[in-house]
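**Student:** My structure is stored as coords_34.cif, with mmCIF, N, CA and C atoms.
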```
data_structure
#
loop_
_atom_site.label_atom_id
_atom_site.label_comp_id
_atom_site.auth_asym_id
_atom_site.auth_seq_id
_atom_site.Cartn_x
_atom_site.Cartn_y
_atom_site.Cartn_z
N MET D 1441 15.11 30.95 24.45
CA MET D 1441 15.25 30.44 23.09
C MET D 1441 15.31 28.91 23.08
N TYR D 1442 16.09 28.35 24.01
CA TYR D 1442 16.21 26.90 24.11
C TYR D 1442 14.86 26.26 24.39
N LYS D 1443 14.09 26.88 25.27
CA LYS D 1443 12.77 26.35 25.62
C LYS D 1443 11.84 26.37 24.41
N LEU D 1444 11.88 27.44 23.62
CA LEU D 1444 11.06 27.53 22.41
C LEU D 1444 11.47 26.45 21.41
N PHE D 1445 12.78 26.27 21.22
CA PHE D 1445 13.28 25.26 20.30
C PHE D 1445 12.82 23.87 20.74
N ARG D 1446 12.96 23.56 22.01
CA ARG D 1446 12.56 22.26 22.54
C ARG D 1446 11.05 22.05 22.42
N THR D 1447 10.27 23.10 22.59
CA THR D 1447 8.82 23.01 22.48
C THR D 1447 8.39 22.74 21.04
N LEU D 1448 9.07 23.32 20.09
CA LEU D 1448 8.71 23.15 18.67
C LEU D 1448 9.29 21.88 18.05
N LEU D 1449 10.35 21.34 18.63
CA LEU D 1449 11.02 20.18 18.05
C LEU D 1449 10.11 18.97 17.94
N LEU D 1450 9.39 18.64 18.97
CA LEU D 1450 8.52 17.46 18.95
C LEU D 1450 7.42 17.56 17.90
N PRO D 1451 6.66 18.67 17.83
CA PRO D 1451 5.62 18.74 16.79
C PRO D 1451 6.19 18.71 15.36
N VAL D 1452 7.34 19.34 15.15
CA VAL D 1452 7.95 19.33 13.81
C VAL D 1452 8.40 17.92 13.45
N ALA D 1453 9.03 17.21 14.39
CA ALA D 1453 9.45 15.83 14.15
C ALA D 1453 8.25 14.94 13.87
N ALA D 1454 7.18 15.12 14.62
CA ALA D 1454 5.96 14.33 14.41
C ALA D 1454 5.37 14.61 13.03
N LEU D 1455 5.39 15.86 12.59
CA LEU D 1455 4.87 16.21 11.27
C LEU D 1455 5.68 15.54 10.17
N PHE D 1456 7.00 15.54 10.28
CA PHE D 1456 7.84 14.87 9.28
C PHE D 1456 7.57 13.37 9.26
N ALA D 1457 7.45 12.75 10.42
CA ALA D 1457 7.18 11.31 10.49
C ALA D 1457 5.83 10.99 9.89
N PHE D 1458 4.81 11.82 10.16
CA PHE D 1458 3.47 11.60 9.61
C PHE D 1458 3.49 11.75 8.10
N THR D 1459 4.17 12.77 7.60
CA THR D 1459 4.26 12.99 6.15
C THR D 1459 4.93 11.82 5.46
N ALA D 1460 6.02 11.32 6.02
CA ALA D 1460 6.72 10.18 5.42
C ALA D 1460 5.85 8.94 5.45
N ALA D 1461 5.13 8.70 6.53
CA ALA D 1461 4.28 7.51 6.64
C ALA D 1461 3.10 7.57 5.69
N THR D 1462 2.46 8.73 5.55
CA THR D 1462 1.29 8.81 4.67
C THR D 1462 1.69 8.83 3.20
N ALA D 1463 2.90 9.30 2.90
CA ALA D 1463 3.34 9.32 1.50
C ALA D 1463 3.44 7.92 0.94
N GLN D 1464 3.83 6.96 1.76
CA GLN D 1464 4.01 5.58 1.34
C GLN D 1464 2.69 4.82 1.35
N ASN D 1465 1.63 5.46 1.75
CA ASN D 1465 0.36 4.78 1.98
C ASN D 1465 -0.35 4.44 0.67
N VAL D 1466 0.12 3.40 -0.01
CA VAL D 1466 -0.59 2.87 -1.18
C VAL D 1466 -1.75 2.05 -0.64
N SER D 1467 -2.94 2.27 -1.15
CA SER D 1467 -4.05 1.42 -0.70
C SER D 1467 -4.34 0.39 -1.80
N TRP D 1468 -4.59 -0.83 -1.36
CA TRP D 1468 -4.84 -1.95 -2.27
C TRP D 1468 -6.26 -2.45 -2.07
N LYS D 1469 -6.93 -2.77 -3.17
CA LYS D 1469 -8.24 -3.42 -3.07
C LYS D 1469 -8.26 -4.58 -4.06
N SER D 1470 -9.11 -5.56 -3.75
CA SER D 1470 -9.19 -6.73 -4.62
C SER D 1470 -10.63 -6.97 -5.03
N SER D 1471 -10.77 -7.63 -6.17
CA SER D 1471 -12.08 -8.07 -6.64
C SER D 1471 -11.90 -9.39 -7.37
N VAL D 1472 -12.99 -10.13 -7.51
CA VAL D 1472 -12.95 -11.42 -8.19
C VAL D 1472 -13.99 -11.40 -9.30
N GLU D 1473 -13.56 -11.74 -10.51
CA GLU D 1473 -14.46 -11.79 -11.67
C GLU D 1473 -14.64 -13.25 -12.08
N HIS D 1474 -15.89 -13.64 -12.30
CA HIS D 1474 -16.16 -14.99 -12.81
C HIS D 1474 -15.98 -14.96 -14.32
N LEU D 1475 -15.11 -15.80 -14.87
CA LEU D 1475 -14.86 -15.81 -16.30
C LEU D 1475 -15.74 -16.84 -17.01
N GLU D 1476 -15.65 -18.10 -16.59
CA GLU D 1476 -16.48 -19.16 -17.16
C GLU D 1476 -16.32 -20.41 -16.32
N GLY D 1477 -17.36 -21.19 -16.19
CA GLY D 1477 -17.29 -22.44 -15.45
C GLY D 1477 -16.69 -22.25 -14.07
N ASP D 1478 -15.55 -22.88 -13.84
CA ASP D 1478 -14.88 -22.79 -12.54
C ASP D 1478 -13.62 -21.93 -12.59
N VAL D 1479 -13.55 -21.02 -13.59
CA VAL D 1479 -12.39 -20.15 -13.77
C VAL D 1479 -12.76 -18.73 -13.36
N TYR D 1480 -11.87 -18.13 -12.55
CA TYR D 1480 -12.07 -16.77 -12.03
C TYR D 1480 -10.82 -15.96 -12.28
N ARG D 1481 -10.97 -14.65 -12.19
CA ARG D 1481 -9.82 -13.74 -12.30
C ARG D 1481 -9.81 -12.84 -11.08
N ILE D 1482 -8.71 -12.87 -10.35
CA ILE D 1482 -8.51 -11.98 -9.22
C ILE D 1482 -7.88 -10.70 -9.76
N VAL D 1483 -8.44 -9.55 -9.41
CA VAL D 1483 -7.89 -8.26 -9.83
C VAL D 1483 -7.48 -7.48 -8.58
N LEU D 1484 -6.23 -7.05 -8.55
CA LEU D 1484 -5.71 -6.21 -7.48
C LEU D 1484 -5.50 -4.81 -8.05
N GLU D 1485 -5.94 -3.79 -7.30
CA GLU D 1485 -5.76 -2.41 -7.74
C GLU D 1485 -5.07 -1.61 -6.66
N ALA D 1486 -3.99 -0.93 -7.06
CA ALA D 1486 -3.23 -0.05 -6.15
C ALA D 1486 -3.61 1.39 -6.43
N SER D 1487 -3.93 2.14 -5.39
CA SER D 1487 -4.12 3.59 -5.49
C SER D 1487 -2.83 4.24 -5.03
N ILE D 1488 -2.18 4.95 -5.94
CA ILE D 1488 -0.84 5.50 -5.70
C ILE D 1488 -0.97 7.01 -5.44
N PRO D 1489 -0.49 7.48 -4.28
CA PRO D 1489 -0.64 8.90 -3.96
C PRO D 1489 0.27 9.77 -4.82
N ALA D 1490 -0.23 10.95 -5.22
CA ALA D 1490 0.58 11.94 -5.93
C ALA D 1490 1.56 12.53 -4.93
N PRO D 1491 2.73 12.89 -5.31
CA PRO D 1491 3.34 12.90 -6.64
C PRO D 1491 4.17 11.65 -6.93
N TYR D 1492 3.88 10.55 -6.25
CA TYR D 1492 4.70 9.35 -6.35
C TYR D 1492 4.32 8.47 -7.54
N HIS D 1493 5.29 7.65 -7.94
CA HIS D 1493 5.03 6.59 -8.92
C HIS D 1493 5.51 5.27 -8.32
N MET D 1494 4.94 4.18 -8.81
CA MET D 1494 5.28 2.84 -8.37
C MET D 1494 5.85 2.10 -9.57
N TYR D 1495 6.87 1.29 -9.35
CA TYR D 1495 7.49 0.57 -10.45
C TYR D 1495 6.63 -0.60 -10.91
N ASP D 1496 6.74 -0.93 -12.19
CA ASP D 1496 6.01 -2.09 -12.72
C ASP D 1496 6.69 -3.37 -12.23
N MET D 1497 6.35 -4.50 -12.82
CA MET D 1497 6.84 -5.78 -12.32
C MET D 1497 8.24 -6.15 -12.82
N GLY D 1498 8.87 -5.22 -13.59
CA GLY D 1498 10.26 -5.44 -14.01
C GLY D 1498 10.46 -6.75 -14.74
N PRO D 1499 11.48 -7.50 -14.38
CA PRO D 1499 12.44 -7.33 -13.28
C PRO D 1499 13.57 -6.38 -13.67
N TYR D 1500 14.23 -5.80 -12.67
CA TYR D 1500 15.32 -4.86 -12.89
C TYR D 1500 16.55 -5.31 -12.12
N GLU D 1501 17.55 -5.81 -12.84
CA GLU D 1501 18.80 -6.20 -12.18
C GLU D 1501 19.60 -4.94 -11.90
N ASP D 1502 20.00 -4.75 -10.65
CA ASP D 1502 20.73 -3.56 -10.21
C ASP D 1502 19.93 -2.28 -10.45
N GLY D 1503 18.61 -2.39 -10.36
CA GLY D 1503 17.75 -1.22 -10.55
C GLY D 1503 16.79 -1.06 -9.40
N PRO D 1504 15.66 -0.43 -9.67
CA PRO D 1504 14.68 -0.20 -8.60
C PRO D 1504 13.99 -1.51 -8.20
N ASN D 1505 13.34 -1.47 -7.04
CA ASN D 1505 12.57 -2.63 -6.59
C ASN D 1505 11.28 -2.70 -7.40
N ALA D 1506 11.18 -3.69 -8.24
CA ALA D 1506 9.97 -3.87 -9.04
C ALA D 1506 8.82 -4.33 -8.13
N THR D 1507 7.61 -4.05 -8.55
CA THR D 1507 6.44 -4.54 -7.82
C THR D 1507 6.42 -6.06 -7.93
N SER D 1508 6.18 -6.71 -6.80
CA SER D 1508 6.16 -8.17 -6.75
C SER D 1508 4.85 -8.63 -6.13
N ILE D 1509 4.19 -9.57 -6.79
CA ILE D 1509 2.94 -10.13 -6.27
C ILE D 1509 3.07 -11.65 -6.32
N VAL D 1510 2.96 -12.28 -5.16
CA VAL D 1510 3.03 -13.74 -5.06
C VAL D 1510 1.70 -14.23 -4.51
N PHE D 1511 1.02 -15.06 -5.30
CA PHE D 1511 -0.25 -15.63 -4.87
C PHE D 1511 -0.01 -17.02 -4.29
N THR D 1512 -0.65 -17.28 -3.15
CA THR D 1512 -0.60 -18.60 -2.52
C THR D 1512 -2.02 -19.14 -2.51
N PRO D 1513 -2.29 -20.17 -3.32
CA PRO D 1513 -3.66 -20.67 -3.42
C PRO D 1513 -4.08 -21.46 -2.18
N GLY D 1514 -5.34 -21.31 -1.82
CA GLY D 1514 -5.92 -22.11 -0.75
C GLY D 1514 -6.30 -23.48 -1.29
N GLU D 1515 -6.88 -24.30 -0.44
CA GLU D 1515 -7.28 -25.65 -0.83
C GLU D 1515 -8.33 -25.59 -1.94
N GLY D 1516 -8.10 -26.37 -3.00
CA GLY D 1516 -9.05 -26.42 -4.12
C GLY D 1516 -8.87 -25.33 -5.15
N VAL D 1517 -7.79 -24.54 -5.04
CA VAL D 1517 -7.53 -23.45 -5.99
C VAL D 1517 -6.24 -23.77 -6.74
N THR D 1518 -6.27 -23.60 -8.07
CA THR D 1518 -5.09 -23.77 -8.90
C THR D 1518 -4.82 -22.45 -9.63
N LEU D 1519 -3.58 -21.97 -9.56
CA LEU D 1519 -3.21 -20.77 -10.31
C LEU D 1519 -3.04 -21.13 -11.77
N GLU D 1520 -3.56 -20.29 -12.65
CA GLU D 1520 -3.41 -20.51 -14.09
C GLU D 1520 -2.59 -19.38 -14.68
N GLY D 1521 -1.38 -19.70 -15.12
CA GLY D 1521 -0.51 -18.68 -15.67
C GLY D 1521 0.10 -17.83 -14.58
N GLY D 1522 0.67 -16.70 -14.98
CA GLY D 1522 1.33 -15.81 -14.03
C GLY D 1522 0.53 -14.55 -13.80
N VAL D 1523 1.08 -13.67 -13.00
CA VAL D 1523 0.45 -12.39 -12.71
C VAL D 1523 0.56 -11.51 -13.95
N GLU D 1524 -0.52 -10.85 -14.29
CA GLU D 1524 -0.61 -10.01 -15.49
C GLU D 1524 -0.80 -8.55 -15.08
N GLN D 1525 -0.05 -7.64 -15.72
CA GLN D 1525 -0.27 -6.21 -15.52
C GLN D 1525 -1.42 -5.80 -16.44
N LEU D 1526 -2.51 -5.27 -15.87
CA LEU D 1526 -3.65 -4.88 -16.70
C LEU D 1526 -3.47 -3.49 -17.29
N ASP D 1527 -2.70 -2.64 -16.63
CA ASP D 1527 -2.44 -1.30 -17.14
C ASP D 1527 -1.06 -1.25 -17.77
N THR D 1528 -0.90 -0.43 -18.78
CA THR D 1528 0.38 -0.28 -19.46
C THR D 1528 1.22 0.73 -18.69
N PRO D 1529 2.41 0.34 -18.25
CA PRO D 1529 3.25 1.30 -17.51
C PRO D 1529 3.84 2.35 -18.44
N HIS D 1530 4.13 3.50 -17.86
CA HIS D 1530 4.85 4.56 -18.56
C HIS D 1530 6.31 4.13 -18.61
N ARG D 1531 6.88 3.95 -19.80
CA ARG D 1531 8.26 3.47 -19.94
C ARG D 1531 9.17 4.63 -20.34
N TYR D 1532 10.34 4.69 -19.70
CA TYR D 1532 11.31 5.74 -20.02
C TYR D 1532 12.69 5.30 -19.53
N PHE D 1533 13.71 6.01 -20.02
CA PHE D 1533 15.07 5.73 -19.58
C PHE D 1533 15.32 6.53 -18.31
N ASP D 1534 15.63 5.84 -17.22
CA ASP D 1534 15.87 6.47 -15.94
C ASP D 1534 17.37 6.72 -15.78
N GLU D 1535 17.75 7.99 -15.68
CA GLU D 1535 19.17 8.37 -15.55
C GLU D 1535 19.78 7.85 -14.26
N LEU D 1536 19.01 7.86 -13.17
CA LEU D 1536 19.53 7.41 -11.87
C LEU D 1536 19.94 5.95 -11.91
N PHE D 1537 19.10 5.09 -12.50
CA PHE D 1537 19.39 3.66 -12.55
C PHE D 1537 20.12 3.26 -13.83
N GLY D 1538 20.16 4.12 -14.83
CA GLY D 1538 20.86 3.83 -16.07
C GLY D 1538 20.20 2.75 -16.90
N MET D 1539 18.87 2.70 -16.87
CA MET D 1539 18.15 1.66 -17.62
C MET D 1539 16.73 2.12 -17.92
N ALA D 1540 16.11 1.43 -18.88
CA ALA D 1540 14.70 1.68 -19.18
C ALA D 1540 13.85 1.00 -18.10
N ILE D 1541 12.89 1.74 -17.57
CA ILE D 1541 12.01 1.21 -16.54
C ILE D 1541 10.57 1.58 -16.86
N GLY D 1542 9.64 0.95 -16.16
CA GLY D 1542 8.22 1.25 -16.31
C GLY D 1542 7.63 1.63 -14.96
N THR D 1543 6.77 2.64 -14.97
CA THR D 1543 6.16 3.10 -13.73
C THR D 1543 4.66 3.31 -13.91
N PHE D 1544 3.96 3.28 -12.79
CA PHE D 1544 2.53 3.59 -12.74
C PHE D 1544 2.33 4.81 -11.85
N SER D 1545 1.43 5.69 -12.24
CA SER D 1545 1.03 6.83 -11.41
C SER D 1545 -0.48 6.80 -11.25
N GLY D 1546 -0.95 7.19 -10.08
CA GLY D 1546 -2.39 7.23 -9.85
C GLY D 1546 -2.97 5.88 -9.45
N LYS D 1547 -2.89 4.92 -10.38
CA LYS D 1547 -3.36 3.57 -10.06
C LYS D 1547 -2.62 2.55 -10.91
N ALA D 1548 -2.66 1.31 -10.43
CA ALA D 1548 -2.08 0.19 -11.17
C ALA D 1548 -2.94 -1.03 -10.88
N ARG D 1549 -3.22 -1.82 -11.93
CA ARG D 1549 -4.05 -3.02 -11.76
C ARG D 1549 -3.29 -4.25 -12.24
N PHE D 1550 -3.46 -5.33 -11.48
CA PHE D 1550 -2.80 -6.60 -11.76
C PHE D 1550 -3.84 -7.71 -11.66
N ALA D 1551 -3.63 -8.82 -12.38
CA ALA D 1551 -4.61 -9.90 -12.36
C ALA D 1551 -3.94 -11.26 -12.32
N GLN D 1552 -4.67 -12.23 -11.77
CA GLN D 1552 -4.24 -13.62 -11.73
C GLN D 1552 -5.46 -14.49 -11.99
N ARG D 1553 -5.37 -15.39 -12.98
CA ARG D 1553 -6.44 -16.36 -13.24
C ARG D 1553 -6.29 -17.53 -12.29
N VAL D 1554 -7.44 -18.02 -11.81
CA VAL D 1554 -7.44 -19.18 -10.93
C VAL D 1554 -8.57 -20.12 -11.33
N LYS D 1555 -8.38 -21.40 -11.01
CA LYS D 1555 -9.41 -22.40 -11.26
C LYS D 1555 -9.80 -22.99 -9.90
N LEU D 1556 -11.09 -23.14 -9.69
CA LEU D 1556 -11.61 -23.59 -8.41
C LEU D 1556 -12.19 -24.98 -8.56
N SER D 1557 -11.79 -25.92 -7.70
CA SER D 1557 -12.32 -27.29 -7.75
C SER D 1557 -13.22 -27.58 -6.54
N VAL D 1558 -13.47 -26.57 -5.73
CA VAL D 1558 -14.35 -26.67 -4.57
C VAL D 1558 -15.34 -25.51 -4.65
N PRO D 1559 -16.45 -25.56 -3.90
CA PRO D 1559 -17.43 -24.47 -3.99
C PRO D 1559 -16.89 -23.09 -3.62
N GLU D 1560 -16.00 -23.02 -2.61
CA GLU D 1560 -15.41 -21.74 -2.24
C GLU D 1560 -14.07 -21.97 -1.56
N SER D 1561 -13.19 -20.99 -1.68
CA SER D 1561 -11.87 -21.08 -1.07
C SER D 1561 -11.32 -19.66 -0.97
N SER D 1562 -10.01 -19.55 -0.82
CA SER D 1562 -9.37 -18.24 -0.76
C SER D 1562 -7.96 -18.32 -1.31
N VAL D 1563 -7.42 -17.15 -1.61
CA VAL D 1563 -6.05 -17.02 -2.11
C VAL D 1563 -5.41 -15.89 -1.34
N LYS D 1564 -4.16 -16.09 -0.92
CA LYS D 1564 -3.41 -15.01 -0.28
C LYS D 1564 -2.53 -14.35 -1.32
N ALA D 1565 -2.47 -13.03 -1.26
CA ALA D 1565 -1.60 -12.27 -2.15
C ALA D 1565 -0.60 -11.51 -1.31
N GLN D 1566 0.68 -11.81 -1.50
CA GLN D 1566 1.77 -11.09 -0.83
C GLN D 1566 2.30 -10.08 -1.85
N ILE D 1567 2.18 -8.78 -1.51
CA ILE D 1567 2.50 -7.71 -2.44
C ILE D 1567 3.63 -6.87 -1.87
N GLU D 1568 4.63 -6.57 -2.70
CA GLU D 1568 5.72 -5.68 -2.31
C GLU D 1568 5.90 -4.64 -3.40
N TRP D 1569 6.13 -3.39 -3.01
CA TRP D 1569 6.26 -2.30 -3.98
C TRP D 1569 7.19 -1.24 -3.41
N MET D 1570 7.59 -0.31 -4.29
CA MET D 1570 8.40 0.83 -3.88
C MET D 1570 7.89 2.07 -4.60
N LEU D 1571 7.82 3.17 -3.87
CA LEU D 1571 7.38 4.45 -4.42
C LEU D 1571 8.55 5.41 -4.52
N CYS D 1572 8.55 6.19 -5.60
CA CYS D 1572 9.54 7.26 -5.78
C CYS D 1572 8.83 8.48 -6.32
N ASP D 1573 9.44 9.64 -6.09
CA ASP D 1573 9.01 10.84 -6.79
C ASP D 1573 10.17 11.26 -7.68
N ASP D 1574 10.21 12.50 -8.12
CA ASP D 1574 11.26 12.92 -9.05
C ASP D 1574 12.64 13.05 -8.42
N THR D 1575 12.69 13.05 -7.07
CA THR D 1575 13.98 13.28 -6.42
C THR D 1575 14.42 12.17 -5.48
N SER D 1576 13.51 11.36 -4.97
CA SER D 1576 13.91 10.35 -3.99
C SER D 1576 12.92 9.19 -3.98
N CYS D 1577 13.33 8.12 -3.29
CA CYS D 1577 12.49 6.93 -3.16
C CYS D 1577 12.21 6.65 -1.69
N MET D 1578 11.05 6.06 -1.44
CA MET D 1578 10.71 5.60 -0.11
C MET D 1578 11.22 4.17 0.02
N PRO D 1579 11.44 3.68 1.25
CA PRO D 1579 11.82 2.27 1.40
C PRO D 1579 10.71 1.37 0.88
N PRO D 1580 11.05 0.18 0.38
CA PRO D 1580 10.01 -0.74 -0.09
C PRO D 1580 9.01 -1.03 1.03
N ASP D 1581 7.77 -1.30 0.63
CA ASP D 1581 6.69 -1.61 1.57
C ASP D 1581 6.01 -2.88 1.09
N ASP D 1582 5.26 -3.52 1.99
CA ASP D 1582 4.55 -4.74 1.58
C ASP D 1582 3.26 -4.88 2.38
N THR D 1583 2.39 -5.75 1.87
CA THR D 1583 1.15 -6.07 2.54
C THR D 1583 0.71 -7.45 2.09
N GLU D 1584 -0.22 -8.03 2.82
CA GLU D 1584 -0.78 -9.32 2.44
C GLU D 1584 -2.30 -9.20 2.45
N LEU D 1585 -2.93 -9.69 1.39
CA LEU D 1585 -4.38 -9.69 1.28
C LEU D 1585 -4.86 -11.13 1.20
N THR D 1586 -6.02 -11.38 1.78
CA THR D 1586 -6.68 -12.69 1.62
C THR D 1586 -7.94 -12.44 0.81
N ILE D 1587 -8.06 -13.12 -0.33
CA ILE D 1587 -9.17 -12.91 -1.25
C ILE D 1587 -10.05 -14.15 -1.27
N ALA D 1588 -11.33 -13.98 -0.95
CA ALA D 1588 -12.28 -15.08 -0.97
C ALA D 1588 -12.76 -15.33 -2.40
N ILE D 1589 -12.87 -16.61 -2.78
CA ILE D 1589 -13.34 -16.98 -4.11
C ILE D 1589 -14.45 -17.99 -3.94
N PRO D 1590 -15.57 -17.90 -4.56
CA PRO D 1590 -16.04 -16.79 -5.39
C PRO D 1590 -16.59 -15.67 -4.54
#
```
Taking this structure as input, can you express it in the form of structure tokens?
**Tutor:**
Amino acid sequence: MYKLFRTLLLPVAALFAFTAATAQNVSWKSSVEHLEGDVYRIVLEASIPAPYHMYDMGPYEDGPNATSIVFTPGEGVTLEGGVEQLDTPHRYFDELFGMAIGTFSGKARFAQRVKLSVPESSVKAQIEWMLCDDTSCMPPDDTELTIAIP
């Protein structure tokens, strides 16, 4: 019996670890839209795995970790305004946190306008997010993207 238990323990532990790692696997993609002249819009899109939701940009004091996106412009790039949520989050009163919050399911899109004073450059996007389902939350995760403009 002990040998059977020991033989099954490793594959079961590996399955749980794989499930937890893939559940948090939000994939991010970026695109750049030319608006006019030397003005562009960077669009970031998150693909959120079911059955999880991702929090909007908040902010939430003493609440969930809101999605955070910090753009660092390269040489010749100026940020215009702040990060904009392109999709409307689902808003509701969350009993666990005791406050109204906004969440995205399936996908979420965010944008940042930039002005370019050189022929081409890049912008780094540092993104942090947290996923939850109806019963629990995953630890916050982050990634960094480098977006070429134009």
**Student:** Could you spell out the hits of the PyMOL selection byres (((chain D and resi 1494-1507 and name CA) around 10) and name CA) on the shown file, as a count of residues only?
**Tutor:** 44
**Student:** Leaving out region 1467-1473 of chain D and any residue of its chain fewer than 5 positions from it, which residues lie within 8 Å of it when counting all atoms listed in the file, given as number ranges by chain?
**Tutor:** D: 1479-1489, 1586-1590
**Student:** Could you jot down the atom N of Val1517 (chain D) to CA of Gln1566 (chain D) separation for me, Å, one decimal place?
**Tutor:**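 Answer for the atom N of Val1517 (chain D) to CA of Gln1566 (chain D) separation: 17.0 Å.
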**Student:** Rank nothing, just name the residue among D:Leu1475, D:Ala1490, D:Leu1556, D:Ala1565 nearest to Val1510 (chain D), using all atoms listed in the file.
**Tutor:**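 For Val1510 (chain D), the nearest of the candidates is D:Ala1565.
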**Student:** Residues picked by the PyMOL selection byres (((chain D and resi 1558 and name CA) around 10) and name CA) here, as number ranges by chain?
**Tutor:** D: 1478, 1515-1517, 1555-1557, 1559-1561, 1589
**Student:** Deliver the residues from the most recent selection as a file, using N, CA and C atoms, as a PDB file, in the frame of the given file.
**Tutor:**
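Output saved as again07.pdb:
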```pdb
ATOM      1  N   ASP D1478     -15.550 -22.880 -13.840  1.00  0.00           N
ATOM      2  CA  ASP D1478     -14.880 -22.790 -12.540  1.00  0.00           C
ATOM      3  C   ASP D1478     -13.620 -21.930 -12.590  1.00  0.00           C
ATOM      4  N   GLU D1515      -6.880 -24.300  -0.440  1.00  0.00           N
ATOM      5  CA  GLU D1515      -7.280 -25.650  -0.830  1.00  0.00           C
ATOM      6  C   GLU D1515      -8.330 -25.590  -1.940  1.00  0.00           C
ATOM      7  N   GLY D1516      -8.100 -26.370  -3.000  1.00  0.00           N
ATOM      8  CA  GLY D1516      -9.050 -26.420  -4.120  1.00  0.00           C
ATOM      9  C   GLY D1516      -8.870 -25.330  -5.150  1.00  0.00           C
ATOM     10  N   VAL D1517      -7.790 -24.540  -5.040  1.00  0.00           N
ATOM     11  CA  VAL D1517      -7.530 -23.450  -5.990  1.00  0.00           C
ATOM     12  C   VAL D1517      -6.240 -23.770  -6.740  1.00  0.00           C
ATOM     13  N   LYS D1555      -8.380 -21.400 -11.010  1.00  0.00           N
ATOM     14  CA  LYS D1555      -9.410 -22.400 -11.260  1.00  0.00           C
ATOM     15  C   LYS D1555      -9.800 -22.990  -9.900  1.00  0.00           C
ATOM     16  N   LEU D1556     -11.090 -23.140  -9.690  1.00  0.00           N
ATOM     17  CA  LEU D1556     -11.610 -23.590  -8.410  1.00  0.00           C
ATOM     18  C   LEU D1556     -12.190 -24.980  -8.560  1.00  0.00           C
ATOM     19  N   SER D1557     -11.790 -25.920  -7.700  1.00  0.00           N
ATOM     20  CA  SER D1557     -12.320 -27.290  -7.750  1.00  0.00           C
ATOM     21  C   SER D1557     -13.220 -27.580  -6.540  1.00  0.00           C
ATOM     22  N   PRO D1559     -16.450 -25.560  -3.900  1.00  0.00           N
ATOM     23  CA  PRO D1559     -17.430 -24.470  -3.990  1.00  0.00           C
ATOM     24  C   PRO D1559     -16.890 -23.090  -3.620  1.00  0.00           C
ATOM     25  N   GLU D1560     -16.000 -23.020  -2.610  1.00  0.00           N
ATOM     26  CA  GLU D1560     -15.410 -21.740  -2.240  1.00  0.00           C
ATOM     27  C   GLU D1560     -14.070 -21.970  -1.560  1.00  0.00           C
ATOM     28  N   SER D1561     -13.190 -20.990  -1.680  1.00  0.00           N
ATOM     29  CA  SER D1561     -11.870 -21.080  -1.070  1.00  0.00           C
ATOM     30  C   SER D1561     -11.320 -19.660  -0.970  1.00  0.00           C
ATOM     31  N   ILE D1589     -12.870 -16.610  -2.780  1.00  0.00           N
ATOM     32  CA  ILE D1589     -13.340 -16.980  -4.110  1.00  0.00           C
ATOM     33  C   ILE D1589     -14.450 -17.990  -3.940  1.00  0.00           C
TER      34      ILE D1589
END
```
